[in-house]
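Below is the file my_file.txt, which contains compact mmCIF, C-alpha atoms.
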# COMPACT_ATOMS: atom_id res chain seq x y z
CA MET A 1 30.61 14.04 15.27
CA SER A 2 30.24 17.76 15.88
CA ASP A 3 32.56 19.41 18.39
CA ARG A 4 31.03 22.87 18.00
CA ASP A 5 29.65 24.72 20.99
CA PRO A 6 25.84 24.95 20.63
CA ARG A 7 26.07 28.66 21.38
CA PRO A 8 28.90 30.93 22.54
CA ASP A 9 27.05 32.09 25.67
CA SER A 10 28.79 31.40 28.97
CA ALA A 11 27.27 28.93 31.40
CA ALA A 12 26.34 31.80 33.71
CA GLU A 13 24.53 33.61 30.90
CA ILE A 14 22.60 30.46 30.02
CA ARG A 15 21.60 29.83 33.65
CA ALA A 16 20.41 33.42 33.93
CA ARG A 17 17.88 32.70 31.18
CA ILE A 18 16.29 29.83 33.13
CA ASP A 19 13.10 30.83 34.98
CA THR A 20 12.34 28.41 37.79
CA SER A 21 9.46 30.48 39.18
CA THR A 22 6.93 29.15 36.64
CA PRO A 23 6.50 25.70 35.09
CA HIS A 24 8.04 24.99 31.69
CA SER A 25 6.85 22.47 29.13
CA ALA A 26 10.20 20.71 28.61
CA ARG A 27 10.76 20.31 32.35
CA PHE A 28 7.13 19.35 32.98
CA TRP A 29 7.36 16.64 30.28
CA ASN A 30 10.70 15.53 31.69
CA TYR A 31 9.04 14.97 35.07
CA PHE A 32 6.31 12.85 33.49
CA VAL A 33 8.79 10.55 31.73
CA GLY A 34 10.77 10.03 34.93
CA GLY A 35 13.59 12.50 34.33
CA LYS A 36 15.48 14.53 36.92
CA ASP A 37 15.84 17.82 35.01
CA ASN A 38 12.90 19.67 36.53
CA TYR A 39 12.12 22.05 39.36
CA GLU A 40 9.61 22.30 42.18
CA LYS A 41 7.10 24.33 40.14
CA ASP A 42 7.19 21.75 37.35
CA ARG A 43 6.59 18.89 39.79
CA GLU A 44 3.81 20.75 41.59
CA LEU A 45 1.98 21.29 38.31
CA GLY A 46 2.64 17.72 37.25
CA ASP A 47 1.17 16.33 40.46
CA HIS A 48 -1.84 18.63 40.15
CA ILE A 49 -2.53 17.50 36.59
CA LYS A 50 -2.09 13.84 37.55
CA GLU A 51 -5.02 14.36 39.91
CA ILE A 52 -7.11 15.90 37.14
CA PHE A 53 -6.07 13.52 34.36
CA PRO A 54 -3.66 10.67 35.19
CA GLY A 55 -3.72 9.67 31.52
CA LEU A 56 -1.37 12.50 30.61
CA VAL A 57 1.51 10.44 31.98
CA ASP A 58 0.61 7.75 29.43
CA VAL A 59 0.59 10.40 26.71
CA ALA A 60 4.14 11.44 27.64
CA LEU A 61 5.50 7.91 27.81
CA THR A 62 3.79 6.52 24.72
CA SER A 63 4.72 9.58 22.67
CA ARG A 64 8.34 8.77 23.42
CA HIS A 65 7.86 5.21 22.17
CA PHE A 66 6.22 6.62 19.03
CA LEU A 67 9.39 8.62 18.32
CA GLY A 68 11.49 5.46 18.49
CA ARG A 69 9.25 3.48 16.15
CA VAL A 70 9.08 6.29 13.61
CA VAL A 71 12.84 6.81 13.53
CA ARG A 72 13.50 3.07 13.20
CA HIS A 73 10.98 2.90 10.34
CA LEU A 74 12.44 5.87 8.49
CA ALA A 75 16.10 4.98 8.99
CA GLY A 76 15.49 1.29 8.36
CA GLU A 77 12.70 0.67 5.87
CA GLN A 78 12.85 4.05 4.12
CA GLY A 79 16.61 4.61 4.13
CA ILE A 80 16.46 8.12 5.57
CA ARG A 81 19.84 9.33 6.78
CA GLN A 82 19.01 12.89 7.85
CA PHE A 83 16.74 14.11 10.64
CA LEU A 84 15.72 17.66 11.60
CA ASP A 85 14.17 17.45 15.08
CA ILE A 86 12.43 20.71 16.09
CA GLY A 87 11.28 21.15 19.68
CA THR A 88 13.88 18.72 20.93
CA GLY A 89 13.13 18.95 24.63
CA LEU A 90 15.42 17.63 27.33
CA PRO A 91 17.60 14.62 26.55
CA THR A 92 16.29 11.31 27.88
CA ALA A 93 16.82 7.71 26.81
CA ASP A 94 16.59 6.89 23.11
CA ASN A 95 16.95 10.35 21.65
CA THR A 96 16.53 10.70 17.89
CA HIS A 97 20.23 10.43 17.09
CA GLU A 98 20.67 7.35 19.27
CA VAL A 99 17.79 5.49 17.63
CA ALA A 100 18.74 6.56 14.10
CA GLN A 101 22.43 5.73 14.43
CA ARG A 102 21.73 2.28 15.84
CA VAL A 103 20.05 1.54 12.52
CA ALA A 104 22.29 3.70 10.32
CA PRO A 105 25.59 4.78 11.89
CA ASP A 106 26.08 7.39 9.15
CA ALA A 107 22.84 9.24 10.02
CA ARG A 108 22.99 13.01 10.56
CA ILE A 109 20.73 14.72 13.07
CA VAL A 110 20.12 18.39 13.78
CA TYR A 111 18.24 19.27 16.97
CA VAL A 112 16.44 22.62 17.28
CA ASP A 113 15.19 24.22 20.49
CA ASN A 114 15.32 27.63 22.13
CA ASP A 115 14.93 26.67 25.77
CA PRO A 116 17.95 27.61 27.93
CA LEU A 117 17.71 24.46 30.08
CA VAL A 118 17.76 22.31 26.94
CA LEU A 119 20.78 24.32 25.82
CA THR A 120 22.65 23.43 29.02
CA HIS A 121 22.19 19.75 28.15
CA ALA A 122 22.98 20.13 24.46
CA ARG A 123 26.31 18.38 24.75
CA ALA A 124 24.45 15.18 25.60
CA LEU A 125 22.72 15.57 22.24
CA LEU A 126 25.98 16.15 20.39
CA THR A 127 27.32 12.63 20.82
CA SER A 128 27.52 10.70 17.58
CA THR A 129 28.96 7.69 15.85
CA PRO A 130 32.21 8.41 13.98
CA GLU A 131 30.37 7.93 10.68
CA GLY A 132 27.49 10.30 11.47
CA GLU A 133 27.07 13.78 12.87
CA THR A 134 24.81 15.63 15.29
CA ALA A 135 24.34 19.35 15.82
CA TYR A 136 22.21 21.55 18.07
CA LEU A 137 20.65 24.86 17.04
CA ASP A 138 19.48 27.39 19.60
CA ALA A 139 16.74 28.55 17.22
CA ASN A 140 13.02 29.23 16.98
CA LEU A 141 10.22 27.38 15.20
CA TYR A 142 8.75 30.79 14.32
CA GLU A 143 11.74 31.51 12.07
CA PRO A 144 11.67 28.59 9.60
CA GLU A 145 14.00 30.20 7.05
CA ALA A 146 16.67 30.76 9.69
CA VAL A 147 16.27 27.18 10.94
CA LEU A 148 16.70 25.75 7.45
CA LYS A 149 19.70 27.95 6.69
CA ALA A 150 21.48 26.93 9.89
CA ALA A 151 20.55 23.24 9.52
CA ALA A 152 22.02 23.22 6.01
CA LYS A 153 25.49 23.48 7.58
CA THR A 154 25.05 19.88 8.76
CA LEU A 155 22.36 18.42 6.49
CA ASP A 156 22.49 18.01 2.71
CA PHE A 157 19.23 19.43 1.41
CA SER A 158 19.72 17.79 -1.98
CA GLN A 159 18.87 14.52 -0.20
CA PRO A 160 15.68 13.60 1.73
CA VAL A 161 15.29 14.79 5.30
CA ALA A 162 12.86 13.68 8.01
CA LEU A 163 11.36 16.75 9.69
CA MET A 164 10.20 15.81 13.19
CA ILE A 165 7.96 18.13 15.22
CA LEU A 166 6.74 16.16 18.22
CA ASN A 167 4.58 17.62 21.00
CA THR A 168 5.54 21.12 19.91
CA LEU A 169 2.95 22.58 17.52
CA GLY A 170 0.42 22.80 20.35
CA HIS A 171 2.39 25.80 21.58
CA VAL A 172 1.41 27.72 18.45
CA ALA A 173 -1.96 29.19 19.40
CA ASP A 174 -3.19 30.00 15.89
CA TYR A 175 -3.84 26.87 13.84
CA ASP A 176 -3.38 28.60 10.49
CA GLN A 177 -0.03 29.93 11.65
CA ALA A 178 1.02 26.47 12.80
CA ARG A 179 0.14 25.04 9.39
CA ALA A 180 2.02 27.84 7.64
CA LEU A 181 5.16 27.17 9.69
CA VAL A 182 5.05 23.48 8.80
CA SER A 183 4.49 24.29 5.12
CA GLN A 184 7.44 26.70 5.06
CA LEU A 185 9.73 24.13 6.61
CA MET A 186 8.62 21.37 4.23
CA ALA A 187 8.96 23.72 1.25
CA GLY A 188 12.69 23.94 1.98
CA LEU A 189 13.15 20.16 1.91
CA PRO A 190 13.54 18.05 -1.24
CA SER A 191 11.17 15.51 -2.74
CA GLY A 192 11.21 12.27 -0.78
CA SER A 193 11.48 14.04 2.56
CA TYR A 194 9.18 13.12 5.43
CA LEU A 195 7.11 15.02 7.96
CA VAL A 196 6.56 13.47 11.40
CA ILE A 197 4.11 15.09 13.81
CA SER A 198 2.51 14.01 17.05
CA ASP A 199 0.55 16.12 19.51
CA SER A 200 -1.94 15.82 22.34
CA THR A 201 -5.53 15.90 21.14
CA SER A 202 -8.86 17.17 22.42
CA THR A 203 -10.31 13.65 22.37
CA SER A 204 -11.42 13.41 25.99
CA ALA A 205 -12.81 15.67 28.69
CA GLY A 206 -9.85 14.75 30.88
CA MET A 207 -7.28 15.93 28.35
CA ILE A 208 -9.17 19.19 27.79
CA ALA A 209 -9.29 19.80 31.57
CA ALA A 210 -5.58 19.02 31.87
CA SER A 211 -4.80 21.45 29.07
CA GLU A 212 -6.82 24.19 30.74
CA ALA A 213 -5.03 23.61 34.06
CA TYR A 214 -1.65 23.71 32.37
CA ASN A 215 -2.47 26.91 30.49
CA SER A 216 -3.57 28.66 33.66
CA SER A 217 -0.31 27.82 35.46
CA GLY A 218 1.78 30.59 33.94
CA ALA A 219 3.63 28.23 31.60
CA ILE A 220 3.71 28.92 27.87
CA PRO A 221 0.25 27.64 26.80
CA TYR A 222 -0.21 24.39 24.94
CA TYR A 223 -3.41 23.98 22.92
CA VAL A 224 -4.82 20.54 22.23
CA ARG A 225 -6.31 20.07 18.76
CA SER A 226 -8.74 17.77 17.01
CA ILE A 227 -7.66 14.74 15.01
CA GLU A 228 -8.85 16.56 11.89
CA GLU A 229 -6.55 19.47 12.67
CA ILE A 230 -3.58 17.14 13.18
CA THR A 231 -4.42 15.56 9.82
CA GLY A 232 -4.45 18.99 8.17
CA PHE A 233 -0.73 19.42 8.77
CA PHE A 234 -0.14 16.66 6.21
CA ASP A 235 -2.08 18.18 3.32
CA GLY A 236 -0.23 17.59 0.07
CA LEU A 237 1.83 14.73 1.50
CA ASP A 238 1.44 10.99 1.05
CA LEU A 239 0.49 9.53 4.43
CA ALA A 240 2.21 6.34 5.45
CA ASP A 241 -0.03 3.53 6.74
CA PRO A 242 -1.93 3.55 9.06
CA GLY A 243 -2.42 7.29 8.50
CA ILE A 244 -3.09 9.54 11.47
CA ALA A 245 -3.45 7.26 14.47
CA GLN A 246 -3.14 7.14 18.22
CA VAL A 247 0.56 7.10 18.99
CA THR A 248 0.23 3.64 20.54
CA GLN A 249 -1.38 2.29 17.35
CA TRP A 250 1.08 3.67 14.79
CA ARG A 251 2.96 0.59 13.59
CA PRO A 252 3.41 -1.14 16.97
CA GLU A 253 6.41 -3.46 16.85
CA PRO A 254 6.08 -7.03 18.20
CA GLY A 255 8.28 -7.50 21.23
CA ILE A 256 9.17 -3.77 21.51
CA ALA A 257 7.40 -1.65 24.11
CA SER A 258 4.94 0.91 22.78
CA GLY A 259 3.71 1.95 26.22
CA SER A 260 1.32 0.36 28.68
CA ALA A 261 -1.73 2.34 27.59
CA THR A 262 -3.78 1.15 24.63
CA SER A 263 -5.77 4.36 24.23
CA VAL A 264 -4.25 7.80 24.72
CA ASP A 265 -5.15 11.36 23.77
CA ALA A 266 -2.22 11.82 21.41
CA TYR A 267 -2.21 11.25 17.67
CA GLY A 268 0.53 11.30 15.10
CA GLY A 269 1.53 10.32 11.62
CA VAL A 270 4.17 10.31 8.93
CA GLY A 271 3.83 11.91 5.51
CA ARG A 272 6.15 11.80 2.47
CA LYS A 273 6.72 14.78 0.19
CA PRO A 274 6.05 13.72 -3.43
Go ahead and express the file in the form of structure tokens.
Amino acid sequence: MSDRDPRPDSAAEIRARIDTSTPHSARFWNYFVGGKDNYEKDRELGDHIKEIFPGLVDVALTSRHFLGRVVRHLAGEQGIRQFLDIGTGLPTADNTHEVAQRVAPDARIVYVDNDPLVLTHARALLTSTPEGETAYLDANLYEPEAVLKAAAKTLDFSQPVALMILNTLGHVADYDQARALVSQLMAGLPSGSYLVISDSTSTSAGMIAASEAYNSSGAIPYYVRSIEEITGFFDGLDLADPGIAQVTQWRPEPGIASGSATSVDAYGGVGRKP
């Protein structure tokens, strides 16, 4: 278990970085999954988007179930013991380290985010089994080399790592740049490593309208992409069955909740580096 401070900033300095005057994606998503770590502006936008497209709540909830199934699959069936989770978001139930260490108590997890509110909750993400370890990096997706260098203090890059980027790449406006960032991160990981991605998709008029409303709110924009674009992130990797699929349809587990919705505008997949 790591006992390091996520960052040496004081609590007052961290709070000063939190802007409550505009919505924020982590807090907005937290509201949709029933969390309490959000502010009035986040809830106002959430309620507005529920009126436009109620299905976005299903996207939030079922994407969380997707994370659990993927981590159980990788830690269980594939024997992965290391996870690099970029775009962590606010802690809720069944975070990556909790799911992984239930299956494999010796699993190591590094969380990466650069949101000050997430930073204030980082200690909740630093719990661990005695056999494993967790760490939190206050770092930026746009600096992949720095992320990998810092993560290497906790993870052993001579052994496979699962790189998880869930509901995060939509914040990168330029698709080619988003692909380049993923490629740079995967290039630093050894053969046998995995890439896990899920994101909201432009597969319905409702989702497109919700995205436009969100992007006009003053929050950092989030751009929904096509299924083909999501698939493109996995070029050069071996896709696990069933390939790129709706998050509710990726290896649903009998008797384990995958979400109430059967069709949502979010797709994801898992690819293995040869």
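Counting from atom CA of A:Asp156, the distance to atom CA of A:Ala93 is 26.8 Å.
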Inset, instruction - Kindly indicate which residue among A:Val182, A:Leu45, A:Val33, A:Leu137 lies nearest to A:Ser211, using all atoms listed in the file for the distances. - result: A:Leu45
Inset, instruction - Can you work out the spacing between atom CA of A:Tyr267 and atom CA of A:Ala209 in Å, to one decimal? - result: 17.8 Å
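Comparing A:Thr120, A:Ser263, A:Gln249, A:Asn215 by their smallest distance to A:Val70, the closest is A:Gln249 (using only C-alpha atoms).
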Legend entry - Minimum-distance residue to A:Leu56, chosen among A:Gln177, A:Trp29, A:Asp115, A:Arg272 (using only C-alpha atoms): A:Trp29
Inset, instruction - Kindly extract all protein, DNA and RNA residues lying within 7 Å of the coordinates (4.9, 16.5, 6.9) given in the file, considering only C-alpha atoms, and supply them as number ranges by chain. - result: A: 186, 194-196, 233-234, 237, 270-272
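With distances restricted to only C-alpha atoms, A:Ser198 is the closest residue to A:Gly243 from A:Thr127, A:Thr168, A:Ser198, A:Gln184.
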Please define a box with edges along x, y and z of the file around all atoms of stretch 79-91 of chain A given in the file, extend it by 8 Å on each side, and return its centre and edge lengths in Å to one decimal, as AutoDock Vina command-line options.
--center_x 15.6 --center_y 12.9 --center_z 15.7 --size_x 24.6 --size_y 32.5 --size_z 39.2
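For the pair atom CA of A:Ile52 and atom CA of A:Ile18, the interatomic distance is 27.5 Å.
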Legend entry - Protein/DNA/RNA residues near (6.0, 13.3, 31.2), cut 12 Å, all atoms listed in the file, as a VMD selection string: chain A and resid 24 to 38 42 to 43 45 to 47 49 to 50 54 to 64 89 to 90 92 167
Inset, instruction - Between A:Ala104, A:Ile230, A:Val112, A:Ile80, single out the one closest to A:Asp176, counting all atoms listed in the file. - result: A:Ile230
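For the choices A:Ala205, A:Leu155, A:Ala180, A:Ala135, the atom-to-atom distance to A:Tyr111 is smallest for A:Ala135 when using all atoms listed in the file.
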Inset, instruction - Just the residues within 7 Å of A:Val103, please, counting all atoms listed in the file, with nothing from its chain fewer than 2 positions along; format it as a list in words. - result: Arg72, Ala75, Gly76, Val99, Ala100, Gln101 and Pro105 of chain A
Inset, instruction - Mind checking which residues fall within 12 Å of A:Gln82, counting all atoms listed in the file, ignoring those fewer than 4 positions away in the same chain, and posting them as a PyMOL selection string? - result: chain A and resi 71+74-75+78+96-97+100-101+104-111+132-135+151-152+154-164+189-190+192-194
Select from stretch 98-207 of chain A every residue with an atom at most 10 Å from any atom of stretch 218-224 of chain A, then for each give the shortest pair of atoms and their distance in Å to one decimal, using only C-alpha atoms, rows by chain and rising number, as JSON lines.
{"residue": "A:Asn167", "atom": "CA", "partner": "A:Tyr222", "partner_atom": "CA", "distance": 9.2}
{"residue": "A:Thr168", "atom": "CA", "partner": "A:Tyr222", "partner_atom": "CA", "distance": 8.3}
{"residue": "A:Leu169", "atom": "CA", "partner": "A:Tyr222", "partner_atom": "CA", "distance": 8.3}
{"residue": "A:Gly170", "atom": "CA", "partner": "A:Tyr223", "partner_atom": "CA", "distance": 4.8}
{"residue": "A:His171", "atom": "CA", "partner": "A:Tyr222", "partner_atom": "CA", "distance": 4.5}
{"residue": "A:Val172", "atom": "CA", "partner": "A:Tyr222", "partner_atom": "CA", "distance": 7.5}
{"residue": "A:Ala173", "atom": "CA", "partner": "A:Tyr223", "partner_atom": "CA", "distance": 6.5}
{"residue": "A:Asp174", "atom": "CA", "partner": "A:Tyr223", "partner_atom": "CA", "distance": 9.3}
{"residue": "A:Tyr175", "atom": "CA", "partner": "A:Tyr223", "partner_atom": "CA", "distance": 9.5}
{"residue": "A:Asp199", "atom": "CA", "partner": "A:Val224", "partner_atom": "CA", "distance": 7.5}
{"residue": "A:Ser200", "atom": "CA", "partner": "A:Val224", "partner_atom": "CA", "distance": 5.5}
{"residue": "A:Thr201", "atom": "CA", "partner": "A:Val224", "partner_atom": "CA", "distance": 4.8}
{"residue": "A:Ser202", "atom": "CA", "partner": "A:Val224", "partner_atom": "CA", "distance": 5.3}
{"residue": "A:Thr203", "atom": "CA", "partner": "A:Val224", "partner_atom": "CA", "distance": 8.8}
{"residue": "A:Met207", "atom": "CA", "partner": "A:Val224", "partner_atom": "CA", "distance": 8.0}
Mind rebuilding stretch 56-67 of chain A with all heavy atoms and writing that out as a PDB file, in the frame of the given file?
ATOM      1  N   LEU A  56      -2.382  11.699  31.281  1.00  0.00           N
ATOM      2  CA  LEU A  56      -1.370  12.500  30.610  1.00  0.00           C
ATOM      3  C   LEU A  56       0.019  11.891  30.763  1.00  0.00           C
ATOM      4  O   LEU A  56       0.889  12.067  29.899  1.00  0.00           O
ATOM      5  CB  LEU A  56      -1.366  13.941  31.141  1.00  0.00           C
ATOM      6  CG  LEU A  56      -0.572  14.943  30.306  1.00  0.00           C
ATOM      7  CD1 LEU A  56      -1.090  15.004  28.875  1.00  0.00           C
ATOM      8  CD2 LEU A  56      -0.616  16.338  30.928  1.00  0.00           C
ATOM      9  N   VAL A  57       0.237  11.154  31.832  1.00  0.00           N
ATOM     10  CA  VAL A  57       1.510  10.440  31.980  1.00  0.00           C
ATOM     11  C   VAL A  57       1.659   9.417  30.862  1.00  0.00           C
ATOM     12  O   VAL A  57       2.731   9.272  30.268  1.00  0.00           O
ATOM     13  CB  VAL A  57       1.602   9.767  33.356  1.00  0.00           C
ATOM     14  CG1 VAL A  57       2.899   8.966  33.475  1.00  0.00           C
ATOM     15  CG2 VAL A  57       1.522  10.804  34.470  1.00  0.00           C
ATOM     16  N   ASP A  58       0.578   8.707  30.539  1.00  0.00           N
ATOM     17  CA  ASP A  58       0.610   7.750  29.430  1.00  0.00           C
ATOM     18  C   ASP A  58       0.894   8.445  28.109  1.00  0.00           C
ATOM     19  O   ASP A  58       1.605   7.910  27.254  1.00  0.00           O
ATOM     20  CB  ASP A  58      -0.718   6.987  29.333  1.00  0.00           C
ATOM     21  CG  ASP A  58      -0.951   6.043  30.497  1.00  0.00           C
ATOM     22  OD1 ASP A  58       0.037   5.484  31.003  1.00  0.00           O
ATOM     23  OD2 ASP A  58      -2.113   5.877  30.900  1.00  0.00           O
ATOM     24  N   VAL A  59       0.325   9.639  27.930  1.00  0.00           N
ATOM     25  CA  VAL A  59       0.590  10.400  26.710  1.00  0.00           C
ATOM     26  C   VAL A  59       2.090  10.683  26.589  1.00  0.00           C
ATOM     27  O   VAL A  59       2.691  10.499  25.525  1.00  0.00           O
ATOM     28  CB  VAL A  59      -0.208  11.716  26.699  1.00  0.00           C
ATOM     29  CG1 VAL A  59       0.266  12.631  25.565  1.00  0.00           C
ATOM     30  CG2 VAL A  59      -1.698  11.431  26.545  1.00  0.00           C
ATOM     31  N   ALA A  60       2.711  11.113  27.675  1.00  0.00           N
ATOM     32  CA  ALA A  60       4.140  11.440  27.640  1.00  0.00           C
ATOM     33  C   ALA A  60       4.984  10.210  27.321  1.00  0.00           C
ATOM     34  O   ALA A  60       5.875  10.256  26.465  1.00  0.00           O
ATOM     35  CB  ALA A  60       4.560  12.044  28.981  1.00  0.00           C
ATOM     36  N   LEU A  61       4.693   9.115  27.995  1.00  0.00           N
ATOM     37  CA  LEU A  61       5.500   7.910  27.810  1.00  0.00           C
ATOM     38  C   LEU A  61       5.302   7.282  26.439  1.00  0.00           C
ATOM     39  O   LEU A  61       6.270   6.903  25.771  1.00  0.00           O
ATOM     40  CB  LEU A  61       5.179   6.902  28.914  1.00  0.00           C
ATOM     41  CG  LEU A  61       5.572   7.312  30.336  1.00  0.00           C
ATOM     42  CD1 LEU A  61       5.011   6.332  31.356  1.00  0.00           C
ATOM     43  CD2 LEU A  61       7.092   7.403  30.463  1.00  0.00           C
ATOM     44  N   THR A  62       4.052   7.170  26.003  1.00  0.00           N
ATOM     45  CA  THR A  62       3.790   6.520  24.720  1.00  0.00           C
ATOM     46  C   THR A  62       4.213   7.392  23.541  1.00  0.00           C
ATOM     47  O   THR A  62       4.571   6.876  22.480  1.00  0.00           O
ATOM     48  CB  THR A  62       2.312   6.126  24.579  1.00  0.00           C
ATOM     49  OG1 THR A  62       1.482   7.299  24.725  1.00  0.00           O
ATOM     50  CG2 THR A  62       1.912   5.109  25.640  1.00  0.00           C
ATOM     51  N   SER A  63       4.211   8.702  23.721  1.00  0.00           N
ATOM     52  CA  SER A  63       4.720   9.580  22.670  1.00  0.00           C
ATOM     53  C   SER A  63       6.204   9.357  22.463  1.00  0.00           C
ATOM     54  O   SER A  63       6.709   9.439  21.336  1.00  0.00           O
ATOM     55  CB  SER A  63       4.442  11.048  23.023  1.00  0.00           C
ATOM     56  OG  SER A  63       3.052  11.326  23.028  1.00  0.00           O
ATOM     57  N   ARG A  64       6.909   9.059  23.540  1.00  0.00           N
ATOM     58  CA  ARG A  64       8.340   8.770  23.420  1.00  0.00           C
ATOM     59  C   ARG A  64       8.573   7.469  22.660  1.00  0.00           C
ATOM     60  O   ARG A  64       9.489   7.363  21.829  1.00  0.00           O
ATOM     61  CB  ARG A  64       8.952   8.684  24.820  1.00  0.00           C
ATOM     62  CG  ARG A  64      10.470   8.766  24.822  1.00  0.00           C
ATOM     63  CD  ARG A  64      10.935  10.150  24.465  1.00  0.00           C
ATOM     64  NE  ARG A  64      12.387  10.200  24.291  1.00  0.00           N
ATOM     65  CZ  ARG A  64      13.034  11.269  23.866  1.00  0.00           C
ATOM     66  NH1 ARG A  64      12.391  12.380  23.595  1.00  0.00           N
ATOM     67  NH2 ARG A  64      14.344  11.242  23.725  1.00  0.00           N
ATOM     68  N   HIS A  65       7.747   6.469  22.917  1.00  0.00           N
ATOM     69  CA  HIS A  65       7.860   5.210  22.170  1.00  0.00           C
ATOM     70  C   HIS A  65       7.536   5.426  20.699  1.00  0.00           C
ATOM     71  O   HIS A  65       8.149   4.798  19.821  1.00  0.00           O
ATOM     72  CB  HIS A  65       6.920   4.159  22.767  1.00  0.00           C
ATOM     73  CG  HIS A  65       7.318   3.691  24.137  1.00  0.00           C
ATOM     74  ND1 HIS A  65       8.481   3.011  24.396  1.00  0.00           N
ATOM     75  CD2 HIS A  65       6.691   3.805  25.339  1.00  0.00           C
ATOM     76  CE1 HIS A  65       8.566   2.722  25.680  1.00  0.00           C
ATOM     77  NE2 HIS A  65       7.490   3.198  26.278  1.00  0.00           N
ATOM     78  N   PHE A  66       6.582   6.292  20.412  1.00  0.00           N
ATOM     79  CA  PHE A  66       6.220   6.620  19.030  1.00  0.00           C
ATOM     80  C   PHE A  66       7.445   7.166  18.296  1.00  0.00           C
ATOM     81  O   PHE A  66       7.738   6.778  17.154  1.00  0.00           O
ATOM     82  CB  PHE A  66       5.083   7.635  19.028  1.00  0.00           C
ATOM     83  CG  PHE A  66       4.768   8.232  17.676  1.00  0.00           C
ATOM     84  CD1 PHE A  66       4.044   7.519  16.734  1.00  0.00           C
ATOM     85  CD2 PHE A  66       5.179   9.524  17.367  1.00  0.00           C
ATOM     86  CE1 PHE A  66       3.742   8.078  15.489  1.00  0.00           C
ATOM     87  CE2 PHE A  66       4.883  10.090  16.142  1.00  0.00           C
ATOM     88  CZ  PHE A  66       4.166   9.362  15.195  1.00  0.00           C
ATOM     89  N   LEU A  67       8.182   8.070  18.929  1.00  0.00           N
ATOM     90  CA  LEU A  67       9.390   8.620  18.320  1.00  0.00           C
ATOM     91  C   LEU A  67      10.338   7.485  17.910  1.00  0.00           C
ATOM     92  O   LEU A  67      10.862   7.479  16.785  1.00  0.00           O
ATOM     93  CB  LEU A  67      10.082   9.569  19.293  1.00  0.00           C
ATOM     94  CG  LEU A  67      11.403  10.223  18.849  1.00  0.00           C
ATOM     95  CD1 LEU A  67      11.589  11.572  19.557  1.00  0.00           C
ATOM     96  CD2 LEU A  67      12.623   9.347  19.137  1.00  0.00           C
TER      97      LEU A  67
END
